[in-house]
Every structure is written in C-alpha cells, then in structure tokens.
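A.B. asks: Just so it is clear, I am handing over my_file_33.cif, which has mmCIF, C-alpha atoms.
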```cif
data_entry
loop_
_atom_site.label_atom_id
_atom_site.label_comp_id
_atom_site.auth_asym_id
_atom_site.auth_seq_id
_atom_site.Cartn_x
_atom_site.Cartn_y
_atom_site.Cartn_z
CA LEU A 1 12.09 -8.87 -15.01
CA VAL A 2 12.95 -12.51 -14.15
CA LYS A 3 16.52 -13.54 -13.23
CA THR A 4 17.30 -17.17 -14.14
CA GLY A 5 20.55 -19.05 -14.68
CA GLU A 6 23.60 -19.43 -12.44
CA GLY A 7 25.31 -16.14 -13.23
CA THR A 8 25.11 -12.69 -11.66
CA LEU A 9 23.04 -9.79 -13.00
CA THR A 10 24.02 -6.38 -11.62
CA LEU A 11 21.50 -3.54 -11.51
CA SER A 12 22.69 0.03 -10.98
CA GLY A 13 21.42 3.52 -11.72
CA ALA A 14 17.99 5.01 -11.00
CA ASN A 15 15.68 2.31 -12.35
CA THR A 16 12.00 3.02 -13.04
CA LEU A 17 10.73 -0.57 -13.16
CA THR A 18 7.16 -0.64 -11.82
CA GLY A 19 6.45 -4.31 -12.44
CA THR A 20 7.80 -7.30 -10.54
CA LEU A 21 11.53 -8.03 -10.22
CA GLU A 22 11.86 -11.79 -9.61
CA VAL A 23 15.01 -13.74 -8.69
CA ARG A 24 14.66 -17.47 -9.39
CA GLU A 25 18.27 -18.58 -9.94
CA GLY A 26 21.78 -17.22 -9.56
CA THR A 27 22.44 -13.79 -8.08
CA LEU A 28 20.91 -10.39 -8.66
CA ALA A 29 23.14 -7.64 -7.27
CA ALA A 30 21.55 -4.26 -6.43
CA VAL A 31 24.37 -1.70 -6.30
CA SER A 32 22.66 1.72 -6.30
CA ALA A 33 19.97 3.59 -4.41
CA GLY A 34 17.40 3.09 -7.18
CA ALA A 35 18.53 -0.33 -8.39
CA LEU A 36 15.33 -2.13 -7.27
CA GLY A 37 12.97 0.29 -9.03
CA VAL A 38 9.57 0.86 -7.41
CA GLY A 39 7.73 -2.42 -8.06
CA ASN A 40 7.55 -5.68 -6.14
CA VAL A 41 10.68 -7.77 -5.58
CA VAL A 42 10.29 -11.56 -5.20
CA VAL A 43 13.15 -13.91 -4.32
CA ASP A 44 12.19 -17.51 -5.04
CA GLY A 45 15.23 -19.75 -5.33
CA GLY A 46 18.07 -17.33 -6.09
CA THR A 47 20.04 -14.68 -4.20
CA LEU A 48 19.35 -10.96 -3.94
CA GLU A 49 22.63 -9.30 -2.99
CA ILE A 50 22.30 -5.72 -1.73
CA SER A 51 25.80 -4.41 -2.13
CA GLY A 52 26.05 -0.85 -3.33
CA GLY A 53 26.58 1.92 -0.80
CA THR A 54 22.91 2.79 -0.20
CA VAL A 55 20.05 0.73 -1.66
CA ASN A 56 16.40 1.71 -1.16
CA LEU A 57 13.15 -0.24 -0.80
CA VAL A 58 10.67 2.61 -1.14
CA SER A 59 7.27 3.11 0.48
CA GLY A 60 4.62 1.06 -1.33
CA GLN A 61 7.22 -1.47 -2.53
CA ARG A 62 7.21 -5.09 -1.26
CA LEU A 63 10.13 -7.49 -0.93
CA THR A 64 9.01 -11.13 -0.60
CA LEU A 65 11.55 -13.83 0.28
CA GLU A 66 9.88 -17.17 -0.52
CA SER A 67 13.04 -19.26 -0.84
CA GLY A 68 16.66 -18.51 -1.55
CA GLU A 69 18.58 -15.72 0.14
CA VAL A 70 18.69 -11.96 0.65
CA SER A 71 21.95 -10.47 1.93
CA VAL A 72 23.20 -6.99 2.78
CA ALA A 73 26.94 -6.74 2.08
CA SER A 74 29.51 -5.07 4.30
CA GLY A 75 29.70 -1.33 3.66
CA THR A 76 26.10 -1.22 2.36
CA ASN A 77 23.13 0.52 4.00
CA PHE A 78 19.77 -1.00 3.05
CA VAL A 79 17.11 1.68 3.64
CA VAL A 80 13.68 0.10 4.07
CA ALA A 81 10.48 2.13 3.75
CA GLY A 82 8.31 -0.55 2.10
CA THR A 83 6.99 -3.97 3.14
CA LEU A 84 9.03 -7.08 3.96
CA GLU A 85 7.49 -10.55 3.80
CA LEU A 86 10.26 -12.93 4.81
CA GLY A 87 10.22 -16.70 4.74
CA SER A 88 13.71 -16.63 6.30
CA ALA A 89 15.98 -13.99 7.79
CA ILE A 90 17.96 -11.45 5.75
CA ASP A 91 21.72 -11.89 6.24
CA VAL A 92 23.25 -8.57 7.30
CA ALA A 93 26.97 -7.81 7.13
CA GLY A 94 26.33 -4.11 6.46
CA SER A 95 23.56 -2.00 7.99
CA VAL A 96 19.79 -1.69 7.69
CA SER A 97 17.75 1.42 8.52
CA PHE A 98 14.00 1.89 8.59
CA SER A 99 11.41 4.62 8.01
CA ASP A 100 8.09 4.94 9.82
CA SER A 101 6.29 3.43 6.80
CA VAL A 102 8.04 0.03 6.98
CA ARG A 103 5.77 -3.00 7.46
CA PHE A 104 6.68 -6.60 8.32
CA VAL A 105 4.23 -9.30 7.25
CA LEU A 106 4.40 -12.11 9.85
CA ASP A 107 3.21 -15.67 9.30
CA TRP A 108 1.41 -16.02 12.63
CA ASP A 109 0.57 -19.53 13.80
CA LEU A 110 -2.98 -19.18 15.15
CA ASP A 111 -2.66 -22.55 16.92
CA GLY A 112 0.68 -21.65 18.48
CA GLU A 113 1.79 -19.93 21.67
CA ALA A 114 0.46 -16.51 22.73
CA THR A 115 3.98 -15.14 22.24
CA GLN A 116 5.81 -15.92 19.01
CA THR A 117 9.20 -14.78 17.76
CA PHE A 118 10.11 -14.16 14.12
CA ASP A 119 13.72 -14.05 12.88
CA LEU A 120 13.83 -11.20 10.37
CA PHE A 121 17.55 -10.31 10.24
CA ALA A 122 20.61 -12.48 10.88
CA LEU A 123 23.43 -10.17 11.98
CA GLY A 124 26.85 -11.31 10.86
CA THR A 125 30.24 -9.84 11.76
CA GLY A 126 29.89 -6.06 11.52
CA GLY A 127 26.16 -6.27 10.73
CA THR A 128 23.95 -3.64 12.39
CA LEU A 129 20.39 -2.39 12.57
CA ASP A 130 20.42 1.37 13.08
CA ALA A 131 18.61 3.21 15.89
CA SER A 132 15.39 3.42 13.84
CA TRP A 133 14.86 -0.32 14.55
CA GLU A 134 14.22 0.47 18.22
CA THR A 135 11.56 3.09 17.39
CA LEU A 136 9.30 0.64 15.51
CA GLY A 137 6.11 -0.68 17.11
CA VAL A 138 2.86 -2.54 16.73
CA ASN A 139 1.71 -0.54 13.71
CA ASN A 140 4.75 -1.67 11.73
CA ILE A 141 3.55 -5.29 12.01
CA LEU A 142 0.97 -7.04 9.81
CA VAL A 143 -0.44 -10.40 10.86
CA GLU A 144 -2.86 -12.02 8.42
CA SER A 145 -6.48 -12.13 9.67
CA THR A 146 -5.49 -11.21 13.23
CA SER A 147 -5.88 -7.95 15.13
CA LEU A 148 -2.82 -6.44 16.77
CA ARG A 149 -4.82 -4.06 18.97
CA GLY A 150 -3.06 -3.97 22.31
CA ALA A 151 -0.35 -6.43 21.24
CA ASP A 152 3.05 -6.28 22.92
CA VAL A 153 5.75 -6.11 20.26
CA ASP A 154 9.50 -6.23 20.96
CA PHE A 155 12.01 -5.40 18.23
CA ASN A 156 14.97 -7.34 19.63
CA THR A 157 18.61 -6.38 19.22
CA ASP A 158 19.38 -9.70 17.53
CA GLY A 159 17.13 -8.79 14.56
CA SER A 160 14.09 -10.78 15.67
CA VAL A 161 10.60 -9.57 16.57
CA SER A 162 8.59 -11.03 19.45
CA VAL A 163 4.81 -10.54 19.43
CA THR A 164 2.42 -11.27 22.28
CA LEU A 165 -1.07 -11.13 20.82
CA ASP A 166 -4.05 -9.62 22.62
CA ALA A 167 -7.48 -11.15 22.03
CA ALA A 168 -9.12 -7.78 21.42
CA LYS A 169 -10.83 -7.31 18.05
CA PRO A 170 -10.42 -4.40 15.63
CA ILE A 171 -12.81 -1.50 16.21
CA LYS A 172 -14.26 1.37 14.18
CA LEU A 173 -12.68 4.76 14.91
CA ILE A 174 -13.70 8.25 13.80
CA TRP A 175 -11.09 10.85 12.89
CA THR A 176 -11.14 14.10 14.88
CA GLY A 177 -7.67 15.48 14.16
CA LYS A 178 -7.72 17.24 17.53
CA ALA A 179 -4.08 16.51 18.28
CA SER A 180 -2.42 16.78 14.85
CA ASP A 181 -2.68 15.73 11.20
CA VAL A 182 -0.67 12.51 11.80
CA TRP A 183 -2.65 9.25 11.62
CA PHE A 184 -1.04 7.47 14.59
CA ASP A 185 -0.70 10.41 16.99
CA GLU A 186 -2.54 10.07 20.29
CA GLY A 187 -5.81 12.00 20.60
CA ASN A 188 -6.85 11.98 16.94
CA TRP A 189 -9.45 9.16 17.06
CA VAL A 190 -12.65 8.46 18.97
CA THR A 191 -15.01 5.49 19.08
CA GLU A 192 -18.62 5.76 17.93
CA ASP A 193 -19.61 6.64 21.50
CA GLY A 194 -16.99 9.41 21.72
CA LYS A 195 -14.24 7.67 23.71
CA THR A 196 -10.69 8.60 22.72
CA GLU A 197 -8.74 5.59 21.44
CA SER A 198 -5.45 4.92 19.66
CA PHE A 199 -5.49 3.47 16.14
CA TYR A 200 -4.04 -0.02 15.68
CA ALA A 201 -3.47 -2.17 12.61
CA ARG A 202 -6.76 -3.45 11.10
CA ASP A 203 -8.96 -0.95 12.94
CA SER A 204 -11.48 0.73 10.60
CA ALA A 205 -11.28 4.47 9.94
CA VAL A 206 -14.13 6.92 9.32
CA PHE A 207 -13.60 10.46 8.03
CA ASN A 208 -16.65 12.71 8.41
CA GLY A 209 -17.11 16.19 6.87
CA PRO A 210 -17.72 18.87 6.15
CA ALA A 211 -14.15 20.12 6.59
CA SER A 212 -11.45 18.98 4.15
CA VAL A 213 -8.51 17.15 5.72
CA GLU A 214 -5.08 15.88 4.67
CA VAL A 215 -3.75 13.20 7.00
CA SER A 216 -0.15 12.04 7.16
CA GLY A 217 -0.59 8.28 6.98
CA ALA A 218 2.72 6.53 6.30
CA GLY A 219 2.56 2.80 6.98
CA VAL A 220 -1.18 2.58 7.70
CA SER A 221 -2.88 -0.81 7.48
CA ALA A 222 -6.59 -0.39 8.19
CA GLY A 223 -9.55 -2.74 7.91
CA THR A 224 -11.91 -0.38 6.08
CA VAL A 225 -11.65 3.34 5.34
CA GLU A 226 -14.93 5.23 4.99
CA ILE A 227 -15.17 8.74 3.53
CA ASN A 228 -18.20 10.90 4.46
CA ALA A 229 -16.71 14.29 3.61
CA GLY A 230 -19.95 15.87 2.38
CA GLU A 231 -20.45 18.08 -0.66
CA GLY A 232 -17.26 20.02 -1.32
CA GLY A 233 -15.30 18.12 1.34
CA THR A 234 -12.04 16.34 0.49
CA VAL A 235 -9.96 13.68 2.26
CA SER A 236 -6.38 12.99 1.18
CA PHE A 237 -3.39 11.14 2.60
CA SER A 238 0.25 12.17 2.46
CA GLY A 239 3.59 10.86 3.62
CA GLY A 240 3.15 7.31 2.35
CA GLN A 241 0.67 4.64 1.35
CA VAL A 242 -2.59 3.93 3.23
CA MET A 243 -3.75 0.31 2.92
CA ALA A 244 -7.37 -0.77 3.54
CA GLU A 245 -7.50 -4.57 3.54
CA GLU A 246 -11.30 -4.60 3.34
CA GLY A 247 -11.47 -1.61 1.02
CA PHE A 248 -12.23 2.12 0.83
CA THR A 249 -15.80 3.41 0.57
CA VAL A 250 -16.50 6.98 -0.57
CA ASN A 251 -20.06 7.88 0.42
CA SER A 252 -19.85 11.65 -0.03
CA GLY A 253 -17.19 14.20 -0.86
CA THR A 254 -13.88 13.40 -2.53
CA LEU A 255 -11.04 10.99 -1.87
CA LYS A 256 -8.05 12.64 -3.57
CA LEU A 257 -4.72 11.01 -4.35
CA THR A 258 -1.53 12.91 -3.56
CA ALA A 259 1.04 10.45 -4.98
CA ASN A 260 1.28 7.35 -7.18
CA ASP A 261 -0.06 4.24 -5.39
CA ASN A 262 -1.25 6.55 -2.59
CA ILE A 263 -3.90 4.03 -1.52
CA ALA A 264 -3.91 0.22 -1.58
CA GLY A 265 -7.03 -1.94 -1.78
CA ASP A 266 -10.43 -1.98 -3.45
CA VAL A 267 -12.38 1.28 -3.73
CA THR A 268 -16.17 1.71 -3.92
CA VAL A 269 -17.56 5.13 -4.83
CA ASN A 270 -21.25 5.61 -4.05
CA ALA A 271 -23.61 8.29 -5.38
CA GLY A 272 -22.40 11.65 -4.10
CA GLY A 273 -18.81 10.41 -3.86
CA VAL A 274 -15.75 11.12 -6.01
CA LEU A 275 -12.35 9.51 -6.47
CA ASP A 276 -9.98 12.17 -7.83
CA LEU A 277 -6.73 10.84 -9.33
CA ASN A 278 -5.32 14.37 -9.07
CA GLY A 279 -2.71 13.68 -11.76
CA GLN A 280 -1.48 10.48 -10.09
CA SER A 281 -1.47 6.82 -11.09
CA ALA A 282 -3.65 4.70 -8.81
CA ASP A 283 -1.75 1.49 -9.63
CA ILE A 284 1.66 2.18 -11.12
CA SER A 285 3.05 -0.93 -9.35
CA GLU A 286 1.26 -4.05 -8.11
CA ASN A 287 0.52 -2.47 -4.73
CA GLY A 288 -2.04 0.23 -5.43
CA LEU A 289 -5.75 0.42 -6.17
CA GLU A 290 -6.95 -3.10 -6.97
CA LYS A 291 -10.57 -2.81 -8.14
CA LEU A 292 -12.72 0.29 -8.53
CA THR A 293 -16.49 -0.07 -8.18
CA LEU A 294 -18.64 2.90 -9.18
CA ASN A 295 -22.03 2.69 -7.49
CA GLY A 296 -23.39 5.97 -8.82
CA GLY A 297 -20.21 7.90 -8.03
CA SER A 298 -17.54 9.57 -10.16
CA LEU A 299 -13.96 8.93 -11.18
CA LEU A 300 -12.23 12.21 -12.02
CA ASN A 301 -8.77 13.47 -12.77
CA ASN A 302 -8.69 17.12 -11.80
CA GLY A 303 -4.89 17.21 -11.80
CA GLY A 304 -2.37 17.02 -14.60
CA SER A 305 -2.66 14.41 -17.33
CA VAL A 306 -1.33 10.94 -16.44
CA GLU A 307 0.99 9.64 -19.16
CA ALA A 308 -0.64 6.97 -21.30
CA SER A 309 2.48 4.79 -20.84
CA TYR A 310 1.80 4.47 -17.09
CA ALA A 311 -0.26 1.75 -15.43
CA GLN A 312 -3.19 3.62 -13.89
CA ILE A 313 -6.38 1.67 -13.16
CA THR A 314 -6.87 -1.90 -14.37
CA SER A 315 -10.36 -2.96 -13.25
CA VAL A 316 -13.55 -0.85 -13.10
CA ALA A 317 -17.08 -2.15 -12.49
CA LEU A 318 -20.39 -0.26 -12.45
CA THR A 319 -23.24 -1.22 -10.12
CA ALA A 320 -25.25 1.92 -11.01
CA ASP A 321 -25.09 4.71 -13.61
CA SER A 322 -21.83 6.60 -12.99
CA THR A 323 -19.47 9.20 -14.48
CA PHE A 324 -15.88 9.71 -15.59
CA GLY A 325 -14.51 13.21 -16.09
CA GLY A 326 -12.20 16.00 -14.97
CA THR A 327 -9.55 18.15 -16.65
CA GLY A 328 -6.50 15.87 -16.92
CA ASP A 329 -6.25 12.84 -19.21
CA PHE A 330 -6.16 9.35 -17.69
CA GLY A 331 -6.94 5.78 -18.67
CA ILE A 332 -7.70 2.18 -17.85
CA ILE A 333 -4.19 0.87 -18.47
CA ALA A 334 -2.24 -2.04 -16.99
CA ARG A 335 1.49 -2.66 -16.68
CA GLY A 336 2.91 -3.78 -20.00
CA TYR A 337 -0.47 -3.00 -21.60
CA ALA A 338 -1.88 -6.23 -20.21
CA ALA A 339 -5.62 -6.89 -20.32
CA THR A 340 -7.91 -4.52 -18.40
CA SER A 341 -11.65 -4.56 -17.78
CA LEU A 342 -14.58 -2.14 -17.73
CA ASP A 343 -17.70 -3.96 -16.53
CA LEU A 344 -20.68 -1.71 -17.25
CA GLY A 345 -23.11 -4.19 -15.72
CA SER A 346 -25.88 -3.01 -18.10
CA HIS A 347 -25.54 0.51 -16.65
CA THR A 348 -24.54 3.82 -18.28
CA LEU A 349 -21.09 5.32 -17.91
CA THR A 350 -21.14 8.99 -18.90
CA LYS A 351 -17.87 10.62 -19.98
CA GLN A 352 -17.90 14.26 -18.88
CA GLY A 353 -15.22 16.94 -18.73
CA ALA A 354 -12.75 18.21 -21.32
CA ASN A 355 -10.16 15.48 -20.74
CA THR A 356 -9.39 12.29 -22.68
CA LEU A 357 -10.09 8.79 -21.37
CA HIS A 358 -7.81 6.06 -22.73
CA LEU A 359 -9.09 2.48 -22.86
CA VAL A 360 -6.06 0.26 -23.50
CA ASN A 361 -6.59 -3.46 -24.17
CA THR A 362 -9.84 -3.08 -22.25
CA SER A 363 -12.66 -5.62 -22.30
CA VAL A 364 -15.99 -3.74 -22.03
CA THR A 365 -19.12 -5.64 -21.00
CA ALA A 366 -22.71 -4.82 -21.97
CA GLY A 367 -24.00 -1.39 -21.09
CA THR A 368 -23.87 2.16 -22.42
CA LEU A 369 -20.92 4.51 -22.90
CA ALA A 370 -22.22 8.07 -23.28
CA VAL A 371 -19.71 10.78 -24.25
CA THR A 372 -21.09 14.23 -23.42
CA ALA A 373 -17.76 16.06 -23.30
CA GLY A 374 -14.10 15.41 -24.00
CA THR A 375 -12.74 12.33 -25.77
#
```
Kindly return the structure encoded in the file as structure tokens.

C.D. replies:
Amino acid sequence: LVKTGEGTLTLSGANTLTGTLEVREGTLAAVSAGALGVGNVVVDGGTLEISGGTVNLVSGQRLTLESGEVSVASGTNFVVAGTLELGSAIDVAGSVSFSDSVRFVLDWDLDGEATQTFDLFALGTGGTLDASWETLGVNNILVESTSLRGADVDFNTDGSVSVTLDAAKPIKLIWTGKASDVWFDEGNWVTEDGKTESFYARDSAVFNGPASVEVSGAGVSAGTVEINAGEGGTVSFSGGQVMAEEGFTVNSGTLKLTANDNIAGDVTVNAGGVLDLNGQSADISENGLEKLTLNGGSLLNNGGSVEASYAQITSVALTADSTFGGTGDFGIIARGYAATSLDLGSHTLTKQGANTLHLVNTSVTAGTLAVTAGT
C-alpha cells in the first residue's frame, strides 16, 4: 500500500496487511493498535503520524524512516517490538514503550570515533520513553558488518543511544541450556573449548543433539545458526523472531517453526536434516525465510495446512536430490501471488506424504518432479 498525494489517509481497525506499507507524500495516520498490519513500514518523503491510543509495531515488523517524518502524538503510546531503522529521530509528544525483541539498526561510521551517538527519539513537551527503555542493551542494537561483542551501550534519557565499540570479533558458541531456555540468559553458551560465554549480536550459534530443545529467542540477531539435533531431535524457537544474517544450516534433526516468520534469513537443509513448517508461514511478510536450499534434506509441513492465500516460501533451490512432504498442505507462494522459483538444478524433488503442495506462479528449472504420495 503506497500513500501519495498531499492529503491524509487514516488507518484504523485490526489490519492484516503483510506486504509493505509505504508513505511517500502527505500523511498516513495510524489510529489503532493494529493499524500498521504486520508487514514492513517505509517512510520516504511523507509523514507517519502515530496518533491513536495504542499503536503496535509487532515482532518481526520493520519501520524504516528514509526521509520525511515519524511522530507520536500526545496521548498515544507507541509499543515497539519490531525493528527500527531511522534516518532521523522520531518526534515524541506521547509515549513509547519497548519489548525485549526490539532492534535498532544503526548506521555506524567505521571511519569515525570509537564512541558514536545516534538520535533515535526527539522528546517534545510531554514526550516520554517508558521504563523499558532503560532495560535495553547491546543485543537490541544491530550495526551492519560490525560485531557488538563487549560493546558499551548507553540508552540515554534524551532518546539517543551511545555506542562504544569493542574490537573483538564474533565467535561460535554452543548451546547448553544449563541455566534456562532463554537465549540471552547467562550460563547457556560455551565456546568450542568449553568456556562459558555470553551471546552477543552476530555471534554464531550451534545446537547439538540428541535432546530436543525449544529456546526463547526474542530479538536474536546471530551470524549463523547450525542445527545438529540428530535423528529424532528437534530445535525450535519461541517468543519472537530469530535472525541469522549468514543463514541457518540444518545438518541433522529438525528445525521446526512455532510462528509465522519465526526465522529470518537463508536456510540450507543438508541430507539428514528437516525444515518443518509446522503449520506456519515461513515468509508471510518481507522479513522471514529468504531462500531455502535443499542439499539432500527435506521440507515438511507436519502441522495444520497453511492457507493457499498466504505467502509461505518464495524461493527454493536443490543442490542434491531432496524431498517435500508431511501431513499439512503448503506451497511456494509469494505476497500478491508474485513470481516464485523452484530451481531443481537437474536434481530430483520427490513429493511424499498425504498433503498437497501448491506451486503458484512458480518458475521451475530443469530437473525431475516425482510424486510418490499426495498431490
């Protein structure tokens, strides 16, 4: 949905928009909790006015301010659980509150000073950031191509963030879960030589079997995520989206979704590995699974059927003979039924299981589709 022209468009109600909401000219007023839907919001030349009691930016949703203005009106609480990428500060006359899953994308100047400050919110008369602002830390910050391991981050009372960057590089950490099932809790990760370490943004995560685990991972931004759960083992994430900037690799066992857009990034499934949609859409917005590569592995849906009207997976490539299957229907479907791709790479994709696979506006390259069960 693109807003142009000088006038004002008001959105209210519980909107289900999963695509991009773009403000280019004039004003778009969000006046209800669900006014912004669940897809990306881009402000590029116009004004986004948040002015309706409580307005939500949900986990997995991204608000990008390229040019123009975003304002929070007096008497309005803007509840932020998603990602903010701000070219300028948000004007606040009301209040803003934050969940643990919030992420701020900072445009770090690699040639600049060791400490840099970013103006994220401009507090006007009566404008406030609630107490949750003071609980945020290094793992709520994303800096492109730069590790934040050991960084000193201050969330200042004036709405700015100051970051002093440490030169340490991201490291590979292995999940133990000794302390709890929460990703960022102390005592849950060890290095390859067994030393206990905390997890920081852009560190790489390894989950080894054989036990099945469900990890609460709201607001995670990892480098890579590697699944070695073993036969019968399952790894799943709850509480919010887990992002792997360099991708997920499933070597053995199952990576199982627990919500729409549960994971963000490319996924490679090797022989012995499974990605189970579990009745969820892997890419209902623009922030979920980007490209799926099957290298001898399987894509299954062992949950309920995913509605054929939902965007699910848009790009699949085979680098070895692989399988689709499960019990619930699913499909290669993009938002608005845009073009999708299934690159067989001269390999064989075998459709197993009793479910139905939908190919919607899908370009299929040379190879073999073998249907041994289902539709």

A.B. asks: To verify the selection step, state as number ranges by chain which residues the PyMOL selection byres ((chain A and resi 289) around 12) yields on this input.

C.D. replies: A: 60, 241-245, 247-248, 257, 260-268, 275, 277, 280-288, 290-293, 311-316, 332, 334

A.B. asks: I'd like to see the residues matched by the PyMOL selection byres ((chain A and resi 94) around 6) on this file, and ideally I'd get them as a PDB file with C-alpha atoms, in the coordinates of the input.

C.D. replies:
```
ATOM      1  CA  VAL A  72      23.200  -6.990   2.780  1.00  0.00           C
ATOM      2  CA  ALA A  73      26.940  -6.740   2.080  1.00  0.00           C
ATOM      3  CA  SER A  74      29.510  -5.070   4.300  1.00  0.00           C
ATOM      4  CA  GLY A  75      29.700  -1.330   3.660  1.00  0.00           C
ATOM      5  CA  THR A  76      26.100  -1.220   2.360  1.00  0.00           C
ATOM      6  CA  VAL A  92      23.250  -8.570   7.300  1.00  0.00           C
ATOM      7  CA  ALA A  93      26.970  -7.810   7.130  1.00  0.00           C
ATOM      8  CA  SER A  95      23.560  -2.000   7.990  1.00  0.00           C
ATOM      9  CA  GLY A 127      26.160  -6.270  10.730  1.00  0.00           C
TER      10      GLY A 127
END
```

A.B. asks: Expand the PyMOL selection byres ((chain A and resi 193) around 12) into the explicit residue set it covers here, and present it as a ChimeraX atom specification.

C.D. replies: /A:171-174,189-192,194-197

A.B. asks: Which residues are close to region 20-34 of chain A, i.e. within 10 Å by only C-alpha atoms, leaving aside same-chain residues fewer than 6 positions away? Reply as a PyMOL selection string.

C.D. replies: chain A and resi 1-14+40-58+61-65+67-72+76-79+285-286+335

A.B. asks: Give me, please, the distance in Å between CA of Asp276 (chain A) and CA of Gly233 (chain A), quoted to one decimal.

C.D. replies: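 About the pair CA of Asp276 (chain A) and CA of Gly233 (chain A): they are 12.2 Å apart.
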
A.B. asks: Hey, which of A:Leu120, A:Leu36, A:Ala179, A:Ala259 ends up closest to Asp91 (chain A)? Count only C-alpha atoms.

C.D. replies: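 Using only C-alpha atoms, Asp91 (chain A) sits closest to A:Leu120.
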
A.B. asks: Can you tell me how far CA of Ala317 (chain A) sits from CA of Gly232 (chain A), in Å to one decimal?

C.D. replies: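 These two atoms are separated by 24.8 Å.
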
A.B. asks: So which residues touch Ala81 (chain A) within 7 Å, counting all atoms listed in the file, skipping near sequence neighbours fewer than 3 positions away, as a PyMOL selection string?

C.D. replies: chain A and resi 57-59+98-99+101-102

A.B. asks: Applying 7 Å and all atoms listed in the file, which residues near Leu165 (chain A) remain after dropping the ones on its own chain fewer than 2 positions away? List them as a list in words.

C.D. replies: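 Using all atoms listed in the file, the neighbours found are Ala114, Thr115, Leu148, Ala151, Asp152, Val163 and Ala167 of chain A.
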
A.B. asks: Could you tell me which of A:Ser97, A:Thr368, A:Gln116, A:Gly336 comes closest to Leu17 (chain A) if we count only C-alpha atoms?

C.D. replies: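 Checking each of A:Ser97, A:Thr368, A:Gln116, A:Gly336 against Leu17 (chain A), counting only C-alpha atoms, the winner is A:Gly336.
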
A.B. asks: Between CA of Gly328 (chain A) and CA of Gly272 (chain A), what is the distance, to one decimal in Å?

C.D. replies: 20.9 Å

A.B. asks: Using all atoms listed in the file, which of the listed residues (A:Val360, A:Val220, A:Val235, A:Val182) sits closest to Asn208 (chain A)?

C.D. replies: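 Ranking A:Val360, A:Val220, A:Val235, A:Val182 by distance to Asn208 (chain A), first place goes to A:Val235.
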
A.B. asks: Of the candidates A:Leu136, A:Val269, A:Leu106, A:Ala354, which shows the shortest atom-to-atom distance to Asp154 (chain A), using all atoms listed in the file?

C.D. replies: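 Of all the options, A:Leu136 lies closest to Asp154 (chain A).
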
A.B. asks: Would you pick out the contacts of Phe118 (chain A) at 12 Å or less, using only C-alpha atoms, so that residues sharing its chain but fewer than 6 positions from it are not included, and give the list as JSON, numbers by chain?

C.D. replies: {"A": [85, 86, 87, 88, 89, 90, 104, 105, 106, 107, 108, 109, 141, 143, 153, 154, 155, 156, 158, 159, 160, 161, 162, 163, 164]}

A.B. asks: May I ask which of the residues A:Tyr200, A:Trp183, A:Trp133, A:Tyr310 is the closest one to Thr16 (chain A), counting all atoms listed in the file?

C.D. replies: A:Tyr310

A.B. asks: So, with all atoms listed in the file as the atoms that count, which of A:Arg103, A:Gly126, A:Lys169, A:Thr157 lies closest to Asn140 (chain A)?

C.D. replies: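 Among A:Arg103, A:Gly126, A:Lys169, A:Thr157, it is A:Arg103 that comes nearest to Asn140 (chain A).
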